[in-house]
$ cat data_28.cif   # mmCIF, C-alpha atoms
data_my_file
loop_
_atom_site.group_PDB
_atom_site.id
_atom_site.type_symbol
_atom_site.label_atom_id
_atom_site.label_comp_id
_atom_site.auth_asym_id
_atom_site.auth_seq_id
_atom_site.Cartn_x
_atom_site.Cartn_y
_atom_site.Cartn_z
ATOM 1 C CA MET A 1 49.295 126.867 104.735
ATOM 2 C CA ARG A 2 46.170 127.849 106.706
ATOM 3 C CA LYS A 3 46.340 124.612 108.692
ATOM 4 C CA SER A 4 50.024 125.123 109.564
ATOM 5 C CA LYS A 5 49.283 128.680 110.741
ATOM 6 C CA SER A 6 46.467 127.398 112.970
ATOM 7 C CA ILE A 7 48.764 124.800 114.512
ATOM 8 C CA PHE A 8 51.423 127.455 115.093
ATOM 9 C CA SER A 9 48.877 129.779 116.740
ATOM 10 C CA LEU A 10 47.650 126.961 119.003
ATOM 11 C CA ALA A 11 51.218 126.115 119.999
ATOM 12 C CA LEU A 12 51.910 129.744 120.841
ATOM 13 C CA SER A 13 48.805 129.922 123.007
ATOM 14 C CA VAL A 14 49.878 126.822 124.913
ATOM 15 C CA LEU A 15 53.377 128.240 125.416
ATOM 16 C CA MET A 16 51.936 131.487 126.714
ATOM 17 C CA LEU A 17 49.626 129.717 129.181
ATOM 18 C CA LEU A 18 52.432 127.511 130.475
ATOM 19 C CA SER A 19 54.626 130.546 130.920
ATOM 20 C CA MET A 20 52.007 132.359 132.992
ATOM 21 C CA LEU A 21 51.376 129.320 135.165
ATOM 22 C CA SER A 22 55.060 128.710 135.844
ATOM 23 C CA THR A 23 56.422 132.218 136.335
ATOM 24 C CA GLY A 24 53.501 134.543 137.092
ATOM 25 C CA CYS A 25 52.282 137.487 135.107
ATOM 26 C CA SER A 26 55.329 139.733 134.938
ATOM 27 C CA GLY A 27 58.515 138.988 133.023
ATOM 28 C CA PRO A 28 61.985 140.523 133.175
ATOM 29 C CA ALA A 29 62.117 142.040 129.678
ATOM 30 C CA PHE A 30 60.719 145.405 130.788
ATOM 31 C CA SER A 31 61.833 145.251 134.406
ATOM 32 C CA ASN A 32 64.162 148.232 133.915
ATOM 33 C CA ALA A 33 61.658 150.357 132.024
ATOM 34 C CA GLY A 34 60.624 153.624 133.624
ATOM 35 C CA SER A 35 57.042 153.995 134.719
ATOM 36 C CA ASP A 36 56.462 156.735 132.142
ATOM 37 C CA GLN A 37 58.283 155.058 129.254
ATOM 38 C CA LEU A 38 56.559 153.320 126.362
ATOM 39 C CA LYS A 39 57.373 149.599 126.409
ATOM 40 C CA VAL A 40 58.437 148.802 122.867
ATOM 41 C CA ILE A 41 59.270 145.497 121.167
ATOM 42 C CA ALA A 42 61.346 145.724 117.992
ATOM 43 C CA SER A 43 61.813 142.559 115.975
ATOM 44 C CA ILE A 44 65.323 143.117 114.579
ATOM 45 C CA TYR A 45 68.200 145.552 114.977
ATOM 46 C CA PRO A 46 67.238 148.168 112.345
ATOM 47 C CA MET A 47 63.769 148.454 113.873
ATOM 48 C CA ALA A 48 65.238 148.770 117.381
ATOM 49 C CA ASP A 49 67.698 151.422 116.222
ATOM 50 C CA PHE A 50 64.990 153.446 114.480
ATOM 51 C CA ALA A 51 62.693 153.125 117.516
ATOM 52 C CA LYS A 52 65.376 154.460 119.861
ATOM 53 C CA LYS A 53 66.087 157.351 117.509
ATOM 54 C CA ILE A 54 62.430 158.400 117.302
ATOM 55 C CA GLY A 55 61.485 157.579 120.889
ATOM 56 C CA GLY A 56 64.594 158.806 122.669
ATOM 57 C CA GLU A 57 64.322 158.788 126.444
ATOM 58 C CA LEU A 58 60.565 158.282 126.362
ATOM 59 C CA VAL A 59 60.755 154.651 125.181
ATOM 60 C CA TYR A 60 62.257 151.443 126.497
ATOM 61 C CA VAL A 61 63.080 149.191 123.539
ATOM 62 C CA VAL A 62 63.525 145.416 123.660
ATOM 63 C CA GLN A 63 65.088 143.874 120.535
ATOM 64 C CA LEU A 64 63.364 140.531 120.143
ATOM 65 C CA ILE A 65 65.729 138.663 117.788
ATOM 66 C CA PRO A 66 69.405 138.773 118.819
ATOM 67 C CA SER A 67 71.951 139.857 116.231
ATOM 68 C CA GLY A 68 73.250 136.923 114.221
ATOM 69 C CA PHE A 69 70.005 134.917 114.314
ATOM 70 C CA GLU A 70 68.098 134.273 111.081
ATOM 71 C CA PRO A 71 64.817 136.250 111.437
ATOM 72 C CA HIS A 72 62.973 134.012 108.949
ATOM 73 C CA THR A 73 63.367 130.861 111.045
ATOM 74 C CA TRP A 74 63.432 132.356 114.559
ATOM 75 C CA GLU A 75 60.594 131.327 116.859
ATOM 76 C CA PRO A 76 59.391 133.068 120.037
ATOM 77 C CA SER A 77 60.021 131.513 123.448
ATOM 78 C CA THR A 78 57.569 131.506 126.340
ATOM 79 C CA LEU A 79 59.382 134.519 127.774
ATOM 80 C CA ASP A 80 59.039 136.324 124.432
ATOM 81 C CA MET A 81 55.306 135.686 124.529
ATOM 82 C CA LYS A 82 55.114 137.256 127.991
ATOM 83 C CA THR A 83 56.996 140.271 126.681
ATOM 84 C CA PHE A 84 54.265 140.766 124.084
ATOM 85 C CA GLU A 85 51.669 140.744 126.858
ATOM 86 C CA GLU A 86 53.389 143.692 128.560
ATOM 87 C CA ALA A 87 54.330 145.779 125.530
ATOM 88 C CA ASP A 88 52.679 148.994 124.355
ATOM 89 C CA VAL A 89 54.081 148.924 120.819
ATOM 90 C CA PHE A 90 55.400 146.165 118.538
ATOM 91 C CA ILE A 91 57.554 147.297 115.623
ATOM 92 C CA TYR A 92 58.458 144.896 112.854
ATOM 93 C CA ASN A 93 60.004 145.162 109.411
ATOM 94 C CA GLY A 94 57.382 143.265 107.422
ATOM 95 C CA ALA A 95 57.826 142.295 103.744
ATOM 96 C CA GLY A 96 58.062 138.657 104.839
ATOM 97 C CA MET A 97 60.969 139.127 107.247
ATOM 98 C CA GLU A 98 59.037 138.008 110.345
ATOM 99 C CA MET A 99 56.865 135.132 109.188
ATOM 100 C CA TRP A 100 55.845 134.489 112.813
ATOM 101 C CA ALA A 101 54.453 137.987 113.481
ATOM 102 C CA ASP A 102 50.793 137.460 112.500
ATOM 103 C CA PRO A 103 50.401 134.163 114.408
ATOM 104 C CA VAL A 104 51.962 135.758 117.494
ATOM 105 C CA LEU A 105 49.704 138.811 117.361
ATOM 106 C CA SER A 106 46.625 136.643 116.917
ATOM 107 C CA SER A 107 47.609 134.515 119.924
ATOM 108 C CA ILE A 108 48.317 137.128 122.596
ATOM 109 C CA ARG A 109 45.722 138.585 124.955
ATOM 110 C CA ASN A 110 47.140 142.111 124.939
ATOM 111 C CA GLY A 111 44.395 143.966 123.118
ATOM 112 C CA GLU A 112 46.035 147.348 123.713
ATOM 113 C CA ILE A 113 49.303 146.679 121.878
ATOM 114 C CA ILE A 114 49.890 148.824 118.797
ATOM 115 C CA SER A 115 51.642 146.890 116.040
ATOM 116 C CA VAL A 116 53.270 148.577 113.078
ATOM 117 C CA ASN A 117 54.481 146.944 109.881
ATOM 118 C CA THR A 118 57.092 149.504 108.878
ATOM 119 C CA SER A 119 57.251 148.353 105.239
ATOM 120 C CA ASP A 120 53.606 149.102 104.460
ATOM 121 C CA ALA A 121 54.456 152.273 102.535
ATOM 122 C CA VAL A 122 57.555 150.861 100.819
ATOM 123 C CA GLU A 123 57.535 149.865 97.148
ATOM 124 C CA LEU A 124 58.646 146.251 97.549
ATOM 125 C CA ILE A 125 60.760 144.294 95.079
ATOM 126 C CA GLU A 126 60.955 140.569 94.427
ATOM 127 C CA PRO A 127 63.871 138.362 95.457
ATOM 128 C CA GLY A 128 66.311 138.253 92.574
ATOM 129 C CA ALA A 129 65.556 141.789 91.422
ATOM 130 C CA TYR A 130 68.655 143.846 90.632
ATOM 131 C CA SER A 131 70.774 140.703 90.700
ATOM 132 C CA VAL A 132 72.725 139.013 87.931
ATOM 133 C CA THR A 133 72.859 135.269 87.381
ATOM 134 C CA GLU A 134 74.887 133.174 84.935
ATOM 135 C CA ASP A 135 72.197 133.305 82.224
ATOM 136 C CA ALA A 136 71.139 136.932 82.769
ATOM 137 C CA HIS A 137 70.696 139.287 79.838
ATOM 138 C CA GLU A 138 72.898 142.270 79.230
ATOM 139 C CA ASP A 139 70.517 144.707 80.967
ATOM 140 C CA GLU A 140 71.162 143.364 84.448
ATOM 141 C CA SER A 141 69.348 146.203 86.229
ATOM 142 C CA ASP A 142 65.887 145.147 85.012
ATOM 143 C CA PRO A 143 64.300 143.057 87.804
ATOM 144 C CA ASP A 144 62.017 141.256 85.346
ATOM 145 C CA GLU A 145 65.038 139.692 83.653
ATOM 146 C CA HIS A 146 66.232 137.703 86.660
ATOM 147 C CA ASP A 147 65.445 134.464 88.396
ATOM 148 C CA SER A 148 63.691 134.915 91.729
ATOM 149 C CA ASP A 149 64.300 133.116 95.001
ATOM 150 C CA HIS A 150 60.883 132.831 96.628
ATOM 151 C CA ASP A 151 61.928 130.549 99.482
ATOM 152 C CA HIS A 152 61.287 133.288 102.048
ATOM 153 C CA GLY A 153 58.267 135.000 100.554
ATOM 154 C CA ALA A 154 57.229 137.040 97.581
ATOM 155 C CA TYR A 155 59.392 140.057 98.415
ATOM 156 C CA ASP A 156 62.917 140.979 99.401
ATOM 157 C CA PRO A 157 62.585 142.095 103.047
ATOM 158 C CA HIS A 158 65.845 144.100 103.354
ATOM 159 C CA VAL A 159 64.085 147.391 102.697
ATOM 160 C CA TRP A 160 66.118 149.550 105.118
ATOM 161 C CA LEU A 161 69.215 149.447 102.915
ATOM 162 C CA ASP A 162 67.729 152.259 100.839
ATOM 163 C CA PRO A 163 67.814 155.363 103.099
ATOM 164 C CA MET A 164 64.548 156.594 101.608
ATOM 165 C CA ASN A 165 62.883 153.369 102.706
ATOM 166 C CA ALA A 166 64.435 153.750 106.150
ATOM 167 C CA LYS A 167 62.904 157.221 106.263
ATOM 168 C CA LEU A 168 59.456 155.726 105.571
ATOM 169 C CA GLN A 169 60.007 153.136 108.282
ATOM 170 C CA MET A 170 60.955 155.815 110.813
ATOM 171 C CA GLU A 171 57.836 157.762 109.870
ATOM 172 C CA ALA A 172 55.678 154.688 110.548
ATOM 173 C CA ILE A 173 57.354 154.274 113.940
ATOM 174 C CA CYS A 174 56.772 157.946 114.731
ATOM 175 C CA GLU A 175 53.071 157.616 113.947
ATOM 176 C CA ALA A 176 52.804 154.548 116.209
ATOM 177 C CA PHE A 177 54.455 156.361 119.114
ATOM 178 C CA CYS A 178 52.162 159.359 118.622
ATOM 179 C CA ARG A 179 49.147 157.035 118.822
ATOM 180 C CA ALA A 180 50.452 155.255 121.908
ATOM 181 C CA ASP A 181 51.592 158.420 123.703
ATOM 182 C CA PRO A 182 49.784 161.472 122.244
ATOM 183 C CA GLU A 183 50.909 163.649 125.157
ATOM 184 C CA HIS A 184 54.467 163.640 123.738
ATOM 185 C CA GLU A 185 53.587 163.812 120.041
ATOM 186 C CA ASP A 186 55.664 166.948 119.459
ATOM 187 C CA TYR A 187 58.758 165.234 120.888
ATOM 188 C CA TYR A 188 58.429 162.204 118.595
ATOM 189 C CA ARG A 189 57.786 164.356 115.539
ATOM 190 C CA GLU A 190 60.807 166.557 116.268
ATOM 191 C CA ASN A 191 63.013 163.463 116.501
ATOM 192 C CA TYR A 192 61.580 162.086 113.284
ATOM 193 C CA THR A 193 62.192 165.368 111.471
ATOM 194 C CA ALA A 194 65.844 165.342 112.531
ATOM 195 C CA PHE A 195 66.516 161.768 111.453
ATOM 196 C CA ALA A 196 64.488 162.108 108.259
ATOM 197 C CA ALA A 197 66.810 164.969 107.335
ATOM 198 C CA GLU A 198 69.809 162.751 108.065
ATOM 199 C CA ALA A 199 68.342 160.076 105.788
ATOM 200 C CA ASP A 200 68.006 162.699 103.046
ATOM 201 C CA THR A 201 71.639 163.698 103.553
ATOM 202 C CA LEU A 202 72.759 160.070 103.426
ATOM 203 C CA ASP A 203 70.812 159.507 100.209
ATOM 204 C CA LYS A 204 72.519 162.515 98.613
ATOM 205 C CA GLU A 205 75.939 161.247 99.696
ATOM 206 C CA TYR A 206 75.214 157.913 97.997
ATOM 207 C CA ARG A 207 73.949 159.524 94.806
ATOM 208 C CA ASP A 208 76.873 161.916 94.582
ATOM 209 C CA ALA A 209 79.505 159.233 95.237
ATOM 210 C CA LEU A 210 78.077 156.324 93.261
ATOM 211 C CA GLY A 211 76.935 158.425 90.344
ATOM 212 C CA GLU A 212 80.587 158.959 89.443
ATOM 213 C CA GLN A 213 81.451 155.246 89.201
ATOM 214 C CA GLU A 214 81.649 153.480 85.833
ATOM 215 C CA SER A 215 81.304 149.936 87.198
ATOM 216 C CA GLN A 216 78.022 148.759 88.688
ATOM 217 C CA TYR A 217 78.591 145.121 89.705
ATOM 218 C CA ILE A 218 79.185 144.021 93.301
ATOM 219 C CA VAL A 219 79.752 140.497 94.613
ATOM 220 C CA VAL A 220 77.945 140.174 97.946
ATOM 221 C CA SER A 221 77.685 137.459 100.554
ATOM 222 C CA HIS A 222 73.915 137.138 100.253
ATOM 223 C CA GLU A 223 71.118 138.721 98.293
ATOM 224 C CA ALA A 224 70.362 141.517 100.749
ATOM 225 C CA PHE A 225 71.222 144.600 98.713
ATOM 226 C CA GLY A 226 68.461 144.745 96.108
ATOM 227 C CA TYR A 227 66.938 147.978 97.408
ATOM 228 C CA LEU A 228 70.329 149.659 97.597
ATOM 229 C CA CYS A 229 71.089 148.513 94.052
ATOM 230 C CA LYS A 230 67.729 149.771 92.805
ATOM 231 C CA ALA A 231 68.259 153.188 94.396
ATOM 232 C CA TYR A 232 71.789 153.759 93.127
ATOM 233 C CA GLY A 233 72.071 151.920 89.821
ATOM 234 C CA LEU A 234 74.045 148.897 91.003
ATOM 235 C CA VAL A 235 73.718 145.173 90.332
ATOM 236 C CA GLN A 236 74.480 142.543 92.950
ATOM 237 C CA ILE A 237 76.091 139.175 92.241
ATOM 238 C CA PRO A 238 74.960 137.223 95.320
ATOM 239 C CA ILE A 239 76.879 134.225 96.614
ATOM 240 C CA ARG A 240 73.787 133.123 98.549
ATOM 241 C CA GLY A 241 70.091 133.867 98.121
ATOM 242 C CA ILE A 242 67.810 135.886 100.408
ATOM 243 C CA SER A 243 68.700 133.623 103.359
ATOM 244 C CA ALA A 244 72.198 134.181 104.715
ATOM 245 C CA ASP A 245 72.316 130.619 106.055
ATOM 246 C CA ALA A 246 72.267 128.715 102.741
ATOM 247 C CA GLU A 247 75.745 127.659 101.634
ATOM 248 C CA PRO A 248 76.590 127.795 97.915
ATOM 249 C CA ASP A 249 77.377 124.515 96.176
ATOM 250 C CA ALA A 250 80.367 123.929 93.887
ATOM 251 C CA ALA A 251 78.392 124.893 90.773
ATOM 252 C CA ARG A 252 77.352 128.212 92.271
ATOM 253 C CA MET A 253 80.941 128.891 93.335
ATOM 254 C CA ARG A 254 82.084 128.347 89.743
ATOM 255 C CA GLU A 255 79.405 130.730 88.482
ATOM 256 C CA ILE A 256 80.470 133.419 90.940
ATOM 257 C CA ILE A 257 84.114 133.060 89.963
ATOM 258 C CA GLU A 258 83.231 133.293 86.260
ATOM 259 C CA MET A 259 81.025 136.359 86.760
ATOM 260 C CA THR A 260 83.643 138.013 88.942
ATOM 261 C CA GLU A 261 86.075 137.780 86.041
ATOM 262 C CA LYS A 262 83.455 138.650 83.385
ATOM 263 C CA TYR A 263 82.392 141.872 85.101
ATOM 264 C CA LYS A 264 85.899 142.811 86.241
ATOM 265 C CA VAL A 265 85.026 142.804 89.927
ATOM 266 C CA ARG A 266 87.932 143.678 92.220
ATOM 267 C CA VAL A 267 86.319 143.212 95.677
ATOM 268 C CA VAL A 268 84.301 140.328 97.117
ATOM 269 C CA PHE A 269 82.151 141.498 100.004
ATOM 270 C CA PHE A 270 81.459 139.494 103.151
ATOM 271 C CA GLU A 271 79.324 140.227 106.222
ATOM 272 C CA ALA A 272 80.721 141.084 109.630
ATOM 273 C CA LEU A 273 78.231 138.799 111.410
ATOM 274 C CA GLY A 274 79.007 135.857 109.139
ATOM 275 C CA SER A 275 82.012 133.811 108.150
ATOM 276 C CA PRO A 276 84.267 135.320 105.459
ATOM 277 C CA LYS A 277 85.523 131.889 104.305
ATOM 278 C CA VAL A 278 83.458 131.647 101.118
ATOM 279 C CA ALA A 279 84.338 135.193 100.089
ATOM 280 C CA GLU A 280 88.007 134.479 100.803
ATOM 281 C CA ALA A 281 87.898 131.304 98.705
ATOM 282 C CA ILE A 282 86.489 133.243 95.752
ATOM 283 C CA ALA A 283 89.073 135.972 96.284
ATOM 284 C CA VAL A 284 91.897 133.438 96.173
ATOM 285 C CA GLU A 285 90.626 132.061 92.855
ATOM 286 C CA THR A 286 90.118 135.470 91.265
ATOM 287 C CA GLY A 287 92.793 137.680 92.818
ATOM 288 C CA CYS A 288 90.148 139.942 94.366
ATOM 289 C CA GLU A 289 90.278 141.668 97.720
ATOM 290 C CA THR A 290 87.712 141.064 100.457
ATOM 291 C CA LEU A 291 85.901 143.774 102.411
ATOM 292 C CA PRO A 292 82.884 143.855 104.726
ATOM 293 C CA LEU A 293 79.561 145.180 103.440
ATOM 294 C CA HIS A 294 76.952 145.402 106.171
ATOM 295 C CA PRO A 295 73.317 144.389 105.611
ATOM 296 C CA ILE A 296 72.813 145.986 109.061
ATOM 297 C CA GLY A 297 70.636 143.154 110.314
ATOM 298 C CA GLY A 298 72.547 143.394 113.590
ATOM 299 C CA LEU A 299 75.717 144.643 115.237
ATOM 300 C CA THR A 300 78.863 142.784 116.183
ATOM 301 C CA GLU A 301 80.076 143.219 119.749
ATOM 302 C CA GLU A 302 82.844 145.501 118.488
ATOM 303 C CA GLN A 303 80.393 147.658 116.526
ATOM 304 C CA SER A 304 78.123 147.950 119.528
ATOM 305 C CA LYS A 305 80.962 149.009 121.811
ATOM 306 C CA ALA A 306 82.110 151.554 119.248
ATOM 307 C CA GLY A 307 78.663 153.177 119.191
ATOM 308 C CA GLU A 308 77.923 152.256 115.561
ATOM 309 C CA ASP A 309 74.382 152.667 114.270
ATOM 310 C CA TYR A 310 72.416 152.533 111.030
ATOM 311 C CA PHE A 311 73.828 155.774 109.684
ATOM 312 C CA SER A 312 77.475 155.092 110.536
ATOM 313 C CA LEU A 313 77.333 151.603 109.014
ATOM 314 C CA MET A 314 75.631 152.901 105.871
ATOM 315 C CA ARG A 315 78.457 155.398 105.495
ATOM 316 C CA SER A 316 81.002 152.611 105.995
ATOM 317 C CA ASN A 317 79.197 150.711 103.251
ATOM 318 C CA LEU A 318 79.430 153.731 100.963
ATOM 319 C CA GLU A 319 83.201 153.982 101.474
ATOM 320 C CA ALA A 320 83.574 150.269 100.693
ATOM 321 C CA LEU A 321 81.402 150.545 97.567
ATOM 322 C CA VAL A 322 83.292 153.550 96.216
ATOM 323 C CA TYR A 323 86.570 151.712 96.716
ATOM 324 C CA ALA A 324 85.286 148.523 95.070
ATOM 325 C CA LEU A 325 83.792 150.293 92.061
ATOM 326 C CA SER A 326 86.604 152.762 91.394
#
$ encode --input "data_28.cif" --output "structure tokens"
Amino acid sequence: MRKSKSIFSLALSVLMLLSMLSTGCSGPAFSNAGSDQLKVIASIYPMADFAKKIGGELVYVVQLIPSGFEPHTWEPSTLDMKTFEEADVFIYNGAGMEMWADPVLSSIRNGEIISVNTSDAVELIEPGAYSVTEDAHEDESDPDEHDSDHDHGAYDPHVWLDPMNAKLQMEAICEAFCRADPEHEDYYRENYTAFAAEADTLDKEYRDALGEQESQYIVVSHEAFGYLCKAYGLVQIPIRGISADAEPDAARMREIIEMTEKYKVRVVFFEALGSPKVAEAIAVETGCETLPLHPIGGLTEEQSKAGEDYFSLMRSNLEALVYALS
């Protein structure tokens, strides 16, 4: 593992040097940033959304990984490496989501960049926690009773799907902005206070609505909802593992169909950024409905145009969950 990281770091350094030689020292990523704005890189959509909420007009945020790309396997381009050289702050999710982050940070020459792993204060869970598999015991909510998918690290990285975790992530971003731009500390802290209160409100809405439901099992497109399940007493039946790209084989499809019937599931959830075909195939076999449930790893074009954000999509998820579990 150490050897592979060294090779990756060397390759990144070469890419960065070639980029500087071929296109000069300034790239287009921050070309529209104001002279007084913090230049911020956010790895994925939730981090970009949180950064814009906390930073407001005082930050210019570049989302590094486009919506729809798998963050685990994404690799930076030469232009991305130049963006790191110009940035003031780098915000990433952590918990194994961005496996490339440490090699990138060790390869760049920007000694002033402030990097923040927003999951540092989060109580992480393992892949497979709060999931049910074919041979699971009756107490499905105990994470120690389940098989774990460790293909993408020791922890489930989808921490933002619990609003209280999102609140911790926004706090980490606030602290980074205050370090990078202490002159406007009061502004960042006021923004954080407002959105932290909204996270508290969202958490209460979830607890009030889901606490009334008798069922607890949800069939989801991939194993992204462990933190949400932990927070609100649910159990996910994932069609795929932690990675959204892996397609289920025939045996896994049979298991899902059997568990859907066993736990009296009435809705099979799919993701707006992915194909609904597998969910639809299961629905045909079981007589279930299909509905979107958003892991909020990114926005569709329609969602972006409609002005959707983390909070609006979490509330859409709550409506879908209440319907499915009622």
$ closest_residue --input "data_28.cif" --among "A:Ala250, A:Ile108, A:Ile282, A:Ala320" --to "Leu210 (chain A)" --atoms "only C-alpha atoms"
A:Ala320
$ resolve_selection --input "data_28.cif" --expression "the PyMOL selection byres ((chain A and resi 115) around 6)" --output "PyMOL selection string"
chain A and resi 89-91+114+116
$ write_last_selection --input "data_28.cif" --atoms "C-alpha atoms" --output "PDB file, in the frame of the given file"
ATOM      1  CA  VAL A  89      54.081 148.924 120.819  1.00  0.00           C
ATOM      2  CA  PHE A  90      55.400 146.165 118.538  1.00  0.00           C
ATOM      3  CA  ILE A  91      57.554 147.297 115.623  1.00  0.00           C
ATOM      4  CA  ILE A 114      49.890 148.824 118.797  1.00  0.00           C
ATOM      5  CA  VAL A 116      53.270 148.577 113.078  1.00  0.00           C
TER       6      VAL A 116
END
$ closest_atom_pairs --input "data_28.cif" --of "region 159-264 of chain A" --to "region 122-129 of chain A" --cutoff "7 Å" --atoms "all atoms listed in the file" --output "CSV"
residue,atom,partner,partner_atom,distance
A:Asn165,CA,A:Val122,CA,6.2
A:Gly226,CA,A:Ala129,CA,6.3
A:Ile242,CA,A:Pro127,CA,6.8
$ write_last_selection --input "data_28.cif" --atoms "C-alpha atoms" --output "compact mmCIF listing (two decimals), keeping the file's coordinate frame"
# COMPACT_ATOMS: atom_id res chain seq x y z
CA ASN A 165 62.88 153.37 102.71
CA GLY A 226 68.46 144.74 96.11
CA ILE A 242 67.81 135.89 100.41
$ residues_around --input "data_28.cif" --residues "region 290-300 of chain A" --least-positions-apart "3" --cutoff "6 Å" --atoms "all atoms listed in the file" --output "CSV table (one decimal) with C-alpha atoms, keeping the file's coordinate frame"
chain,number,residue,atom,x,y,z
A,45,TYR,CA,68.2,145.6,115.0
A,67,SER,CA,72.0,139.9,116.2
A,267,VAL,CA,86.3,143.2,95.7
A,268,VAL,CA,84.3,140.3,97.1
A,269,PHE,CA,82.2,141.5,100.0
A,270,PHE,CA,81.5,139.5,103.2
A,271,GLU,CA,79.3,140.2,106.2
A,303,GLN,CA,80.4,147.7,116.5
A,304,SER,CA,78.1,148.0,119.5
A,317,ASN,CA,79.2,150.7,103.3
$ closest_residue --input "data_28.cif" --among "A:Ala224, A:Val159, A:Gln63, A:Glu301" --to "Thr83 (chain A)" --atoms "all atoms listed in the file"
A:Gln63
$ closest_residue --input "data_28.cif" --among "A:Met314, A:Ala209, A:Met99, A:Ala87" --to "Pro163 (chain A)" --atoms "all atoms listed in the file"
A:Met314
$ closest_residue --input "data_28.cif" --among "A:Val132, A:Ala166, A:Ile218, A:Met253" --to "Ser326 (chain A)" --atoms "only C-alpha atoms"
A:Ile218
$ atom_distance --input "data_28.cif" --atom1 "CA of Lys39 (chain A)" --atom2 "CA of Glu198 (chain A)"
25.8 Å
$ atom_distance --input "data_28.cif" --atom1 "CA of Asp309 (chain A)" --atom2 "CA of Trp160 (chain A)"
12.7 Å
$ closest_residue --input "data_28.cif" --among "A:Val62, A:Ile44, A:Asp80, A:Gly68" --to "Asn93 (chain A)" --atoms "all atoms listed in the file"
A:Ile44
$ atom_distance --input "data_28.cif" --atom1 "CA of Leu228 (chain A)" --atom2 "CA of Tyr130 (chain A)"
9.2 Å
$ closest_residue --input "data_28.cif" --among "A:Ala101, A:Cys288, A:Ala95, A:Ile65" --to "Ala154 (chain A)" --atoms "only C-alpha atoms"
A:Ala95
$ resolve_selection --input "data_28.cif" --expression "the PyMOL selection byres ((chain A and resi 177-180) around 8)" --output "PDB file with C-alpha atoms, in the frame of the given file"
ATOM      1  CA  LEU A  38      56.559 153.320 126.362  1.00  0.00           C
ATOM      2  CA  GLY A  55      61.485 157.579 120.889  1.00  0.00           C
ATOM      3  CA  ASP A  88      52.679 148.994 124.355  1.00  0.00           C
ATOM      4  CA  VAL A  89      54.081 148.924 120.819  1.00  0.00           C
ATOM      5  CA  ILE A 114      49.890 148.824 118.797  1.00  0.00           C
ATOM      6  CA  ILE A 173      57.354 154.274 113.940  1.00  0.00           C
ATOM      7  CA  CYS A 174      56.772 157.946 114.731  1.00  0.00           C
ATOM      8  CA  GLU A 175      53.071 157.616 113.947  1.00  0.00           C
ATOM      9  CA  ALA A 176      52.804 154.548 116.209  1.00  0.00           C
ATOM     10  CA  ASP A 181      51.592 158.420 123.703  1.00  0.00           C
ATOM     11  CA  PRO A 182      49.784 161.472 122.244  1.00  0.00           C
ATOM     12  CA  GLU A 183      50.909 163.649 125.157  1.00  0.00           C
ATOM     13  CA  HIS A 184      54.467 163.640 123.738  1.00  0.00           C
ATOM     14  CA  GLU A 185      53.587 163.812 120.041  1.00  0.00           C
ATOM     15  CA  TYR A 188      58.429 162.204 118.595  1.00  0.00           C
TER      16      TYR A 188
END
$ residues_around --input "data_28.cif" --residues "Val235 (chain A)" --least-positions-apart "6" --cutoff "6 Å" --atoms "only C-alpha atoms" --output "PyMOL selection string"
chain A and resi 130-131+216-217+229
$ write_last_selection --input "data_28.cif" --atoms "C-alpha atoms" --output "mmCIF file, in the coordinates of the input"
data_model
loop_
_atom_site.group_PDB
_atom_site.id
_atom_site.type_symbol
_atom_site.label_atom_id
_atom_site.label_comp_id
_atom_site.auth_asym_id
_atom_site.auth_seq_id
_atom_site.Cartn_x
_atom_site.Cartn_y
_atom_site.Cartn_z
ATOM 1 C CA TYR A 130 68.655 143.846 90.632
ATOM 2 C CA SER A 131 70.774 140.703 90.700
ATOM 3 C CA GLN A 216 78.022 148.759 88.688
ATOM 4 C CA TYR A 217 78.591 145.121 89.705
ATOM 5 C CA CYS A 229 71.089 148.513 94.052
#
